[in-house]
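Here is structure17.txt, consisting of compact mmCIF, C-alpha atoms:
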```txt
# COMPACT_ATOMS: atom_id res chain seq x y z
CA MET A 974 7.77 7.11 22.19
CA THR A 975 9.26 10.18 20.56
CA GLN A 976 10.87 10.21 17.17
CA THR A 977 14.32 10.37 18.67
CA SER A 978 13.65 7.34 20.78
CA VAL A 979 12.26 5.21 18.01
CA VAL A 980 15.60 3.60 17.37
CA ASN A 981 16.06 2.68 21.01
CA ASP A 982 12.57 1.31 21.30
CA LEU A 983 12.86 -0.69 18.13
CA ALA A 984 16.02 -2.15 19.59
CA ASN A 985 13.91 -3.78 22.25
CA THR A 986 11.87 -5.71 19.74
CA ARG A 987 12.50 -9.20 18.47
CA LEU A 988 15.14 -9.98 15.88
CA ILE A 989 12.57 -11.81 13.79
CA ARG A 990 9.14 -10.38 13.37
CA SER A 991 6.12 -12.53 12.91
CA HIS A 992 6.20 -13.13 9.18
CA ALA A 993 7.26 -16.00 6.98
CA MET A 994 10.96 -16.21 6.28
CA PRO A 995 11.53 -14.46 2.97
CA ASP A 996 14.57 -16.36 1.85
CA GLU A 997 16.09 -19.79 2.11
CA ALA A 998 12.65 -21.30 2.16
CA ALA A 999 12.49 -25.04 2.51
CA PHE A 1000 9.10 -26.59 2.08
CA GLY A 1001 8.61 -29.15 4.78
CA ALA A 1002 12.05 -30.71 4.61
CA GLU A 1003 12.73 -32.50 7.88
CA LYS A 1004 16.16 -31.69 9.17
CA GLU A 1005 18.38 -34.04 11.04
CA ARG A 1006 19.45 -32.43 14.27
CA PRO A 1007 22.97 -32.86 15.57
CA GLU A 1008 23.07 -34.59 18.93
CA SER A 1009 25.68 -32.36 20.45
CA PHE A 1010 26.50 -28.70 20.26
CA ARG A 1011 29.97 -27.17 20.49
CA ILE A 1012 30.37 -25.02 23.56
CA THR A 1013 32.59 -22.03 22.98
CA ASP A 1014 34.71 -20.53 25.71
CA TRP A 1015 33.88 -16.89 25.21
CA SER A 1016 36.32 -15.61 27.84
CA GLU A 1017 39.25 -17.10 25.96
CA ILE A 1018 38.33 -15.59 22.62
CA VAL A 1019 37.46 -12.23 24.21
CA ALA A 1020 40.83 -12.15 25.96
CA ARG A 1021 42.67 -12.86 22.71
CA ILE A 1022 40.77 -10.09 20.87
CA ARG A 1023 41.65 -7.70 23.66
CA ASP A 1024 45.28 -8.70 23.18
CA GLY A 1025 45.03 -7.89 19.47
CA ASP A 1026 45.18 -11.46 18.17
CA PRO A 1027 43.91 -11.31 14.55
CA ALA A 1028 43.20 -15.06 14.55
CA ALA A 1029 40.72 -14.50 17.38
CA MET A 1030 38.83 -11.97 15.26
CA GLU A 1031 38.69 -14.52 12.46
CA GLU A 1032 37.28 -17.08 14.88
CA LEU A 1033 34.69 -14.62 16.11
CA TYR A 1034 33.72 -13.88 12.51
CA ALA A 1035 33.46 -17.58 11.70
CA ILE A 1036 31.18 -18.18 14.70
CA PHE A 1037 28.84 -15.24 14.32
CA SER A 1038 28.87 -14.08 10.70
CA LYS A 1039 26.22 -16.48 9.40
CA GLY A 1040 23.89 -15.78 12.29
CA ILE A 1041 24.30 -12.04 11.96
CA ARG A 1042 23.72 -12.25 8.20
CA TYR A 1043 20.62 -14.33 8.85
CA PHE A 1044 18.98 -11.76 11.09
CA LEU A 1045 20.04 -8.78 8.99
CA LEU A 1046 18.80 -10.42 5.79
CA ARG A 1047 15.43 -11.21 7.26
CA ASN A 1048 14.88 -7.78 8.68
CA LEU A 1049 16.54 -5.53 6.13
CA GLY A 1050 16.85 -7.50 2.89
CA SER A 1051 19.96 -8.20 0.88
CA GLU A 1052 20.87 -4.61 0.09
CA ASP A 1053 24.22 -3.61 1.65
CA LEU A 1054 24.20 -6.88 3.55
CA ASP A 1055 27.98 -7.38 3.58
CA ASP A 1056 28.53 -3.82 4.77
CA ARG A 1057 26.00 -4.24 7.55
CA VAL A 1058 27.57 -7.48 8.74
CA HIS A 1059 30.95 -5.78 8.70
CA ASP A 1060 29.59 -2.81 10.68
CA CYS A 1061 28.29 -5.16 13.37
CA PHE A 1062 31.68 -6.81 13.70
CA VAL A 1063 33.47 -3.50 13.89
CA ILE A 1064 31.20 -2.43 16.76
CA VAL A 1065 31.62 -5.72 18.62
CA ALA A 1066 35.38 -5.81 18.13
CA GLU A 1067 35.82 -2.20 19.22
CA SER A 1068 33.76 -2.78 22.35
CA ILE A 1069 35.83 -5.82 23.25
CA ARG A 1070 39.10 -4.02 22.65
CA LYS A 1071 38.01 -1.03 24.72
CA GLY A 1072 36.96 -3.31 27.55
CA ASP A 1073 33.28 -2.33 27.32
CA LEU A 1074 32.27 -5.98 27.40
CA ARG A 1075 32.94 -6.60 31.08
CA ASP A 1076 31.51 -10.10 31.27
CA PRO A 1077 32.80 -12.27 28.40
CA ALA A 1078 30.08 -14.82 29.11
CA ARG A 1079 27.61 -12.21 27.84
CA LEU A 1080 29.26 -12.02 24.41
CA MET A 1081 26.32 -13.62 22.61
CA GLY A 1082 23.89 -11.26 24.32
CA TYR A 1083 26.05 -8.32 23.36
CA VAL A 1084 26.26 -9.41 19.70
CA ARG A 1085 22.48 -9.79 19.65
CA THR A 1086 22.04 -6.28 21.04
CA VAL A 1087 24.40 -4.83 18.43
CA VAL A 1088 22.49 -6.57 15.63
CA LYS A 1089 19.16 -5.32 16.95
CA ARG A 1090 20.43 -1.77 17.16
CA GLN A 1091 21.77 -1.96 13.62
CA ILE A 1092 18.42 -3.24 12.39
CA ALA A 1093 16.53 -0.54 14.26
CA ALA A 1094 18.84 2.20 12.98
CA SER A 1095 18.54 0.98 9.40
CA ILE A 1096 14.75 0.86 9.62
CA GLU A 1097 14.65 4.36 11.06
CA THR A 1098 16.94 5.63 8.29
CA ALA A 1099 14.82 3.98 5.63
CA VAL A 1100 11.61 5.38 7.09
CA THR A 1101 13.04 8.89 7.28
CA LYS A 1102 14.41 8.67 3.76
CA ARG A 1103 11.14 7.41 2.43
CA ARG A 1104 9.20 10.13 4.16
CA SER A 1105 11.38 12.84 2.70
CA GLU A 1106 11.07 11.45 -0.81
CA VAL A 1107 7.33 10.97 -1.19
CA GLU A 1108 4.16 12.76 -0.33
CA TYR A 1109 2.96 12.40 3.23
CA GLU A 1110 -0.34 10.76 2.33
CA GLU A 1111 1.40 8.20 0.19
CA SER A 1112 4.14 7.37 2.62
CA LEU A 1113 1.98 6.22 5.49
CA PHE A 1114 0.77 3.11 3.76
CA LYS A 1115 4.18 2.32 2.38
CA LEU A 1116 6.25 2.62 5.48
CA SER A 1117 6.50 -1.11 5.88
CA ASP A 1118 6.95 -2.21 2.30
CA TRP A 1119 10.43 -0.83 1.71
CA LYS A 1120 11.94 -4.28 1.81
CA ASP A 1121 9.42 -5.96 -0.49
CA ASP A 1122 10.68 -7.32 -3.73
CA PRO A 1123 8.90 -9.21 -6.51
CA GLU A 1124 10.59 -12.55 -5.80
CA GLN A 1125 9.66 -12.52 -2.12
CA SER A 1126 6.13 -11.45 -2.95
CA LEU A 1127 5.82 -14.35 -5.38
CA LEU A 1128 7.09 -16.81 -2.75
CA ALA A 1129 4.68 -15.42 -0.18
CA ARG A 1130 1.77 -15.77 -2.60
CA GLN A 1131 2.80 -19.34 -3.41
CA ARG A 1132 2.97 -20.26 0.26
CA ALA A 1133 -0.44 -18.70 0.86
CA GLU A 1134 -1.90 -20.69 -2.03
CA ILE A 1135 -0.37 -23.93 -0.76
CA ALA A 1136 -1.69 -23.20 2.73
CA ARG A 1137 -5.15 -22.70 1.27
CA LYS A 1138 -4.97 -26.02 -0.60
CA VAL A 1139 -3.72 -27.88 2.47
CA LEU A 1140 -6.55 -26.48 4.59
CA THR A 1141 -9.12 -27.26 1.91
CA GLY A 1142 -7.98 -30.88 1.83
CA ILE A 1143 -8.41 -31.65 5.51
CA SER A 1144 -11.48 -32.40 7.58
CA THR A 1145 -13.37 -29.69 9.44
CA ARG A 1146 -12.27 -31.20 12.72
CA ASP A 1147 -8.59 -31.16 11.74
CA ARG A 1148 -8.99 -27.61 10.53
CA GLU A 1149 -10.53 -26.64 13.85
CA ILE A 1150 -7.55 -28.13 15.66
CA LEU A 1151 -5.18 -26.05 13.56
CA GLN A 1152 -7.37 -22.99 14.01
CA ARG A 1153 -7.30 -23.38 17.78
CA PHE A 1154 -3.52 -23.69 17.80
CA TYR A 1155 -2.44 -21.18 15.16
CA VAL A 1156 -5.11 -18.51 15.38
CA ASP A 1157 -6.74 -18.76 18.79
CA GLU A 1158 -3.31 -19.46 20.35
CA GLN A 1159 -4.71 -22.13 22.63
CA PRO A 1160 -2.08 -24.29 24.33
CA GLN A 1161 -1.90 -27.84 23.03
CA GLU A 1162 -2.96 -29.19 26.43
CA GLN A 1163 -6.25 -27.30 26.19
CA ILE A 1164 -6.83 -28.37 22.59
CA CYS A 1165 -6.14 -32.02 23.40
CA SER A 1166 -8.39 -31.88 26.44
CA GLU A 1167 -11.32 -30.18 24.73
CA MET A 1168 -11.13 -32.18 21.52
CA GLY A 1169 -10.35 -35.56 23.03
CA LEU A 1170 -6.90 -35.94 21.51
CA THR A 1171 -3.70 -37.42 22.81
CA TYR A 1172 -0.55 -35.35 22.49
CA ASN A 1173 0.74 -37.73 19.81
CA GLN A 1174 -2.45 -37.39 17.78
CA PHE A 1175 -2.12 -33.64 17.97
CA ARG A 1176 1.50 -33.77 16.82
CA LEU A 1177 0.65 -36.23 14.06
CA LEU A 1178 -2.06 -33.97 12.70
CA LYS A 1179 0.31 -31.01 12.54
CA SER A 1180 3.04 -33.16 11.07
CA ARG A 1181 0.72 -34.50 8.33
CA ALA A 1182 -0.40 -30.98 7.43
CA LYS A 1183 3.20 -29.83 7.33
CA GLY A 1184 4.13 -32.84 5.21
CA ARG A 1185 1.38 -32.02 2.70
CA PHE A 1186 2.53 -28.42 2.65
CA GLY A 1187 6.09 -29.55 1.97
CA ASP A 1188 5.07 -31.98 -0.79
CA MET A 1189 3.03 -29.35 -2.58
CA GLY A 1190 5.87 -26.86 -2.27
CA LYS A 1191 8.35 -29.33 -3.72
CA ARG A 1192 6.04 -30.16 -6.63
CA LEU A 1193 5.56 -26.48 -7.29
CA ALA A 1194 9.28 -25.82 -7.13
CA LYS A 1195 10.01 -28.73 -9.48
CA GLY A 1196 7.38 -27.54 -11.95
CA MET A 1197 8.79 -24.06 -11.97
CA GLY A 1198 12.39 -25.21 -12.08
CA VAL A 1199 13.31 -22.97 -9.19
CA SER A 1200 14.92 -23.60 -5.87
CA PHE A 1201 13.22 -22.41 -2.73
CA ARG A 1202 16.45 -22.41 -0.83
CA HIS A 1203 19.23 -20.08 -1.71
CA ALA A 1204 21.92 -18.51 0.35
CA GLY A 1205 21.35 -15.02 1.65
CA MET B 400 20.55 -18.30 30.69
CA ASP B 401 21.73 -21.43 28.93
CA ASN B 402 21.70 -21.19 25.17
CA ARG B 403 24.02 -24.07 24.38
CA PHE B 404 21.24 -26.49 23.59
CA HIS B 405 19.26 -26.89 20.39
CA GLU B 406 15.70 -25.71 20.44
CA SER B 407 12.79 -28.08 19.87
CA ASP B 408 10.67 -27.76 16.73
CA GLU B 409 7.72 -26.77 18.92
CA ARG B 410 9.57 -23.90 20.55
CA LEU B 411 10.97 -22.68 17.23
CA GLU B 412 7.45 -22.67 15.84
CA LEU B 413 6.18 -20.68 18.83
CA TYR B 414 9.07 -18.27 18.35
CA ALA B 415 8.16 -17.84 14.67
CA LEU B 416 4.57 -17.17 15.73
CA ASP B 417 5.72 -14.59 18.27
CA ARG B 418 4.23 -16.51 21.18
CA LEU B 419 7.19 -16.82 23.54
CA SER B 420 8.08 -14.71 26.54
CA ASP B 421 10.78 -12.04 26.23
CA SER B 422 13.27 -14.14 28.18
CA ASP B 423 12.67 -17.15 25.92
CA VAL B 424 13.03 -14.93 22.85
CA ILE B 425 16.41 -13.67 24.07
CA ARG B 426 17.63 -17.18 24.74
CA ILE B 427 16.49 -18.50 21.35
CA GLU B 428 17.92 -15.55 19.43
CA GLU B 429 21.29 -15.88 21.11
CA HIS B 430 21.32 -19.54 20.19
CA LEU B 431 20.23 -18.80 16.61
CA LEU B 432 23.20 -16.47 16.24
CA ILE B 433 25.53 -19.43 16.42
CA CYS B 434 23.45 -22.41 15.28
CA ASN B 435 22.86 -23.04 11.60
CA SER B 436 20.79 -26.17 12.26
CA CYS B 437 18.24 -24.31 14.36
CA ARG B 438 18.12 -21.44 11.85
CA GLU B 439 17.18 -23.92 9.11
CA ARG B 440 14.55 -25.54 11.30
CA LEU B 441 13.17 -22.12 12.20
CA ASP B 442 12.79 -21.33 8.50
CA ASP B 443 10.94 -24.60 7.98
CA ALA B 444 8.65 -23.92 10.93
CA ALA B 445 7.94 -20.33 9.91
CA ASN B 446 7.37 -21.12 6.24
CA PHE B 447 4.64 -23.56 7.23
CA ALA B 448 3.11 -22.03 10.35
CA ILE B 449 2.73 -18.44 9.23
CA PRO B 450 0.94 -19.01 5.90
CA ILE B 451 -1.32 -21.56 7.62
CA ARG B 452 -2.12 -19.11 10.40
CA ASP B 453 -2.75 -16.29 7.93
CA GLU B 454 -5.02 -18.47 5.79
CA LEU B 455 -6.98 -19.62 8.85
CA ARG B 456 -7.37 -16.00 9.91
CA LYS B 457 -8.75 -15.12 6.51
CA ASN B 458 -11.17 -18.04 6.51
CA PRO B 459 -11.78 -18.97 10.14
CA THR B 460 -13.31 -22.27 11.17
CA PRO B 461 -15.95 -21.96 13.88
CA HIS B 462 -15.30 -24.01 17.01
CA ARG B 463 -17.95 -26.59 17.16
CA SER B 464 -16.58 -29.91 18.34
CA ARG B 465 -17.27 -29.19 21.98
CA GLN B 466 -20.68 -27.68 21.45
CA THR B 467 -21.60 -30.35 18.93
CA SER B 468 -20.76 -33.18 21.28
CA GLY B 469 -22.84 -31.54 23.99
CA VAL B 470 -25.82 -31.30 21.68
CA MET B 471 -25.30 -34.86 20.49
CA ASP B 472 -25.24 -36.10 24.09
CA TRP B 473 -28.46 -34.26 24.74
CA LEU B 474 -30.02 -35.66 21.58
CA ARG B 475 -29.03 -39.18 22.52
CA GLY B 476 -30.65 -38.69 25.91
CA GLN B 477 -33.84 -37.52 24.27
CA SER B 478 -33.98 -40.25 21.64
CA GLN B 479 -36.80 -42.17 23.32
CA ARG B 480 -39.03 -39.09 23.37
CA TRP B 481 -38.24 -38.29 19.76
CA ALA B 482 -39.43 -41.67 18.66
CA ARG B 483 -42.96 -40.70 19.61
CA PRO B 484 -44.94 -39.06 16.75
CA GLN B 485 -46.29 -36.16 18.81
CA PHE B 486 -42.72 -34.90 19.39
CA ALA B 487 -41.47 -35.38 15.85
CA LEU B 488 -42.43 -31.97 14.45
CA ALA B 489 -41.31 -30.08 17.55
CA GLY B 490 -38.10 -32.08 17.52
CA ALA B 491 -37.37 -31.24 13.91
CA PHE B 492 -37.99 -27.56 14.62
CA ALA B 493 -35.66 -27.73 17.63
CA MET B 494 -32.98 -29.37 15.49
CA VAL B 495 -33.13 -26.48 13.05
CA LEU B 496 -32.80 -23.97 15.90
CA VAL B 497 -29.92 -25.89 17.43
CA GLY B 498 -28.24 -26.02 14.04
CA VAL B 499 -28.58 -22.29 13.60
CA VAL B 500 -27.10 -21.60 17.03
CA VAL B 501 -24.33 -24.17 16.93
CA PHE B 502 -23.19 -23.79 13.35
CA ARG B 503 -23.50 -20.04 13.01
CA PRO B 504 -20.21 -18.77 11.56
CA GLY B 505 -18.04 -17.02 14.10
CA ASN B 506 -20.09 -18.50 16.95
CA MET B 507 -18.99 -15.81 19.41
CA PRO B 508 -20.69 -12.51 18.62
CA LEU B 509 -18.37 -9.52 18.69
CA VAL B 510 -19.25 -6.60 20.91
CA PRO B 511 -20.04 -3.47 18.87
CA VAL B 512 -17.29 -1.21 20.18
CA ALA B 513 -14.29 -1.77 22.44
CA THR B 514 -12.27 1.05 23.96
CA LEU B 515 -8.62 1.14 24.79
CA GLN B 516 -6.58 3.85 26.51
CA LEU B 517 -2.96 3.79 25.33
CA THR B 518 0.20 5.40 26.61
CA ALA B 519 3.60 5.47 24.94
CA MET B 520 5.47 5.01 28.22
CA ARG B 521 8.30 2.59 27.90
CA GLY B 522 8.06 -0.41 30.16
CA ALA B 523 4.31 -0.09 30.44
CA ASP B 524 2.35 -3.33 30.18
CA LEU B 525 1.03 -4.23 26.75
CA LYS B 526 -2.61 -3.15 26.77
CA SER B 527 -5.07 -5.68 25.44
CA VAL B 528 -8.67 -5.55 24.35
CA ALA B 529 -11.35 -8.08 23.48
CA PRO B 530 -12.24 -8.42 19.80
CA ALA B 531 -14.95 -6.01 18.69
CA ARG B 532 -16.57 -4.80 15.50
CA GLU B 533 -15.04 -1.36 16.10
CA LEU B 534 -12.22 -0.17 18.30
CA ASP B 535 -11.95 3.23 19.98
CA LEU B 536 -8.36 4.17 20.74
CA THR B 537 -7.48 7.00 23.10
CA PHE B 538 -3.91 8.24 23.12
CA GLY B 539 -3.71 9.70 26.60
CA ASP B 540 -0.25 11.21 26.33
CA ALA B 541 -0.39 12.45 22.75
CA PRO B 542 1.38 15.80 22.39
CA VAL B 543 -0.40 19.01 21.51
CA THR B 544 1.01 19.77 18.07
CA GLY B 545 -1.47 22.35 16.90
CA GLY B 546 -1.67 20.69 13.48
CA ALA B 547 -3.54 17.82 11.93
CA LEU B 548 -2.54 14.37 13.11
CA LYS B 549 -2.71 11.03 11.37
CA VAL B 550 -2.97 7.58 12.92
CA GLU B 551 -1.66 4.47 11.24
CA VAL B 552 -2.29 1.00 12.69
CA VAL B 553 -0.05 -1.84 11.56
CA ASP B 554 -0.03 -5.48 12.53
CA ALA B 555 2.86 -7.33 14.19
CA GLY B 556 4.44 -7.96 10.79
CA GLY B 557 4.34 -4.26 9.91
CA GLY B 558 1.45 -4.68 7.47
CA PRO B 559 -0.84 -1.64 7.28
CA VAL B 560 -4.23 -2.28 8.86
CA TRP B 561 -5.86 1.10 9.15
CA LEU B 562 -5.12 4.76 8.44
CA GLY B 563 -7.23 7.67 9.54
CA SER B 564 -7.50 11.07 11.14
CA PRO B 565 -7.97 11.26 14.89
CA TRP B 566 -9.87 13.90 16.84
CA SER B 567 -8.96 15.53 20.16
CA ASP B 568 -10.73 16.51 23.34
CA GLN B 569 -9.73 17.05 26.93
CA ALA B 570 -9.17 13.32 27.48
CA GLY B 571 -6.66 13.09 24.67
CA VAL B 572 -6.49 12.12 21.03
CA HIS B 573 -9.03 9.58 19.80
CA ALA B 574 -9.29 7.35 16.78
CA ARG B 575 -12.06 4.91 15.88
CA ILE B 576 -11.05 1.90 13.83
CA ALA B 577 -14.26 1.02 12.08
CA LYS B 578 -13.37 -2.60 11.43
CA ALA B 579 -12.82 -5.74 13.48
CA LEU B 580 -9.16 -6.49 14.07
CA PRO B 581 -8.21 -10.17 14.22
CA PRO B 582 -6.48 -11.33 17.42
CA GLY B 583 -2.81 -10.37 17.53
CA GLU B 584 -0.43 -7.55 18.34
CA TYR B 585 -0.68 -4.15 16.71
CA PHE B 586 1.13 -0.86 16.67
CA ALA B 587 -0.66 2.47 16.44
CA ARG B 588 1.57 5.24 15.10
CA LEU B 589 0.75 8.88 15.53
CA TYR B 590 2.14 11.28 12.91
CA ASP B 591 2.13 15.07 12.87
CA SER B 592 1.21 17.05 9.76
CA PRO B 593 4.70 17.07 8.19
CA GLY B 594 4.63 13.28 8.54
CA HIS B 595 6.99 12.91 11.48
CA LEU B 596 6.40 9.98 13.79
CA VAL B 597 5.33 11.47 17.10
CA HIS B 598 4.46 8.43 19.19
CA GLU B 599 4.13 4.70 18.70
CA TYR B 600 1.78 2.63 20.85
CA ALA B 601 1.51 -1.14 21.10
CA PHE B 602 -1.62 -3.07 21.92
CA ARG B 603 -3.03 -6.55 21.57
CA VAL B 604 -6.40 -7.86 20.48
CA ARG B 605 -7.12 -10.94 22.53
CA GLY B 606 -8.10 -14.23 20.90
```
As structure tokens, what does this structure read like?
Amino acid sequence: MTQTSVVNDLANTRLIRSHAMPDEAAFGAEKERPESFRITDWSEIVARIRDGDPAAMEELYAIFSKGIRYFLLRNLGSEDLDDRVHDCFVIVAESIRKGDLRDPARLMGYVRTVVKRQIAASIETAVTKRRSEVEYEESLFKLSDWKDDPEQSLLARQRAEIARKVLTGISTRDREILQRFYVDEQPQEQICSEMGLTYNQFRLLKSRAKGRFGDMGKRLAKGMGVSFRHAG
Amino acid sequence: MDNRFHESDERLELYALDRLSDSDVIRIEEHLLICNSCRERLDDAANFAIPIRDELRKNPTPHRSRQTSGVMDWLRGQSQRWARPQFALAGAFAMVLVGVVVFRPGNMPLVPVATLQLTAMRGADLKSVAPARELDLTFGDAPVTGGALKVEVVDAGGGPVWLGSPWSDQAGVHARIAKALPPGEYFARLYDSPGHLVHEYAFRVRG
């Protein structure tokens, strides 16, 4: 992977990397899931954007803006967030107008690709900027911390502490079950088979641990008078 | 690819833990772009699963249920013999030995050194290696820069894991990571002396 291709290669990675969500944290709150999901006719909205219908652009923005913000926030932080969301929409809209999006059914896939490229380009820019501003020896260990901020670090430390307390409070056997699933990445079928569990027992164990984690998080949040969920 | 439907909590958790296939990741991410409900549930899943995983990695629990039950079965089968006085001392000694073997932390000894040949070719399969106390990396297609190189290894979350200077021979550029890496995905980044990223390599330490 050469330096010039870093952006393209980063674009092939996931939109969310394997780390805890830095914002909008909700400790263990069970969410009610809607039974149905609105199906959008992408070809209709794409056709209207091609025809220059401003209302269609507003609809597109309403559908995708929160999702785009979500991924950008988690990967790049809140700095310049509105501008970045806007940039994504400009790229998508231009592509539609120019007819580059040949298959309207692939609109969601195209939006995802645009977001990934924006994230990759921003990371590359930040890395380059960082490298030019600090000594080489210093920069290597700080390449990945450009999006850290004190609030997120505090939240991460709190979650780690709660995780430690939850794991201290469960039996060795329950801890082994969690270890097999979360660290050893064993499939639940294997864990159930080797540890003599039913699927429901396995789910119940995880659910109880998650419930304890949520309760401790809520108590902590109440004690500190802070909210763990805030809009990005 | 149908992304109209909500994702289950289990699949969102696996996504947060980076354990889904590329095609599943694409489908979930396209759905997340337009579904606030699943985004909220993903946050819940990630905010629980990742700190728990990280804490368990820091303080691992040895697997012992299976081995323990095997030993207990054996002990039950031997109970008649153990009741006799002449076997009591030997039995107690055996128990201590069994305890040492079964309850030794880590349980699976790590091999001293594992080696891994990496290439930065796009589309190449992700190379994987068994856990070891040390890891020798060989960058087969590293460029000849003429200057000093640096190697940085980061984990899947971008956290720095190791930084050091590699050495070169005819087979390529080599780096020895003198520490055991926990199972997971890693990126090894090769920098030239001005600090420019030359190549990035991905690899996985198996669980």
Item checked: Shell of 8 Å around Ile1092 of chain A, all atoms listed in the file, local chain residues under 3 positions omitted, as a ChimeraX atom specification -> /A:984,1045,1048-1049,1088-1089,1095-1096
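Among A:Arg1023, A:Arg1176, A:Lys1183, A:Lys1138, the residue with the shortest atom-to-atom distance to chain B, counting all atoms listed in the file, is A:Lys1183.
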Checklist line | Residue hits in chain B, query chain A, radius 6 Å, all atoms listed in the file, as a list in words | finding: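 Residues satisfying the distance criterion: Ala415, Leu416, Asp417, Glu429, Leu432, Ile433, Asp442, Asp443, Ala445, Asn446, Ile449, Pro450, Ile451, Arg452, Thr460, Ala519, Gly556, Gly557, Gly594, Leu596, Val597, His598, Glu599 and Gly606 of chain B.
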Item checked: Å distance separating atom CA of Ala531 of chain B from atom CA of Arg575 of chain B, one decimal place -> 11.6 Å
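Comparing B:Ile576, B:Ser436, B:Asp568, B:Ala601 by their smallest distance to Pro511 of chain B, the closest is B:Ile576 (using all atoms listed in the file).
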Next item on the list: Provide the atom CA of Glu584 of chain B to atom CA of Arg605 of chain B distance in Å, to one decimal place.
Entry: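 Atom CA of Arg605 of chain B lies at a distance of 8.6 Å from atom CA of Glu584 of chain B.
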Item checked: Nearest to Lys457 of chain B by atom-to-atom distance, counting only C-alpha atoms, from B:Val510, B:Leu580, B:Leu562, B:Leu441 ->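 Between B:Val510, B:Leu580, B:Leu562, B:Leu441, the residue approaching Lys457 of chain B most closely is B:Leu580.
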Next item on the list: For atom CA of Ala587 of chain B and atom CA of Leu455 of chain B, quote the distance in Å rounded to one decimal.
Entry: 24.2 Å
Notebook entry, point to check: Hey, can you pull every residue with an atom no more than 12 Å from (41.7, -10.0, 27.9), using only C-alpha atoms, and send it as a ChimeraX atom specification?
Noted result: /A:1015-1026,1029,1069-1077
Determine, counting only C-alpha atoms, which protein, DNA and RNA residues have an atom within 12 Å of an atom of segment 570-572 of chain B; residues of the same chain fewer than 6 positions away are not included. Present the result as a compact mmCIF listing (two decimals) with C-alpha atoms, in the coordinates of the input.
```
# COMPACT_ATOMS: atom_id res chain seq x y z
CA LEU B 515 -8.62 1.14 24.79
CA GLN B 516 -6.58 3.85 26.51
CA LEU B 517 -2.96 3.79 25.33
CA THR B 518 0.20 5.40 26.61
CA ASP B 535 -11.95 3.23 19.98
CA LEU B 536 -8.36 4.17 20.74
CA THR B 537 -7.48 7.00 23.10
CA PHE B 538 -3.91 8.24 23.12
CA GLY B 539 -3.71 9.70 26.60
CA ASP B 540 -0.25 11.21 26.33
CA ALA B 541 -0.39 12.45 22.75
CA PRO B 542 1.38 15.80 22.39
CA VAL B 543 -0.40 19.01 21.51
CA THR B 544 1.01 19.77 18.07
CA ALA B 547 -3.54 17.82 11.93
CA LEU B 548 -2.54 14.37 13.11
CA LYS B 549 -2.71 11.03 11.37
CA VAL B 550 -2.97 7.58 12.92
CA SER B 564 -7.50 11.07 11.14
CA LEU B 589 0.75 8.88 15.53
CA TYR B 590 2.14 11.28 12.91
CA HIS B 598 4.46 8.43 19.19
```
So that all listed atoms of segment 1033-1052 of chain A fit with 6 Å spare on each side, what axis-aligned box centre and edge lengths in Å, to one decimal, would you give as AutoDock Vina command-line options?
```
--center_x 24.8 --center_y -11.4 --center_z 8.1 --size_x 31.8 --size_y 25.6 --size_z 28.0
```
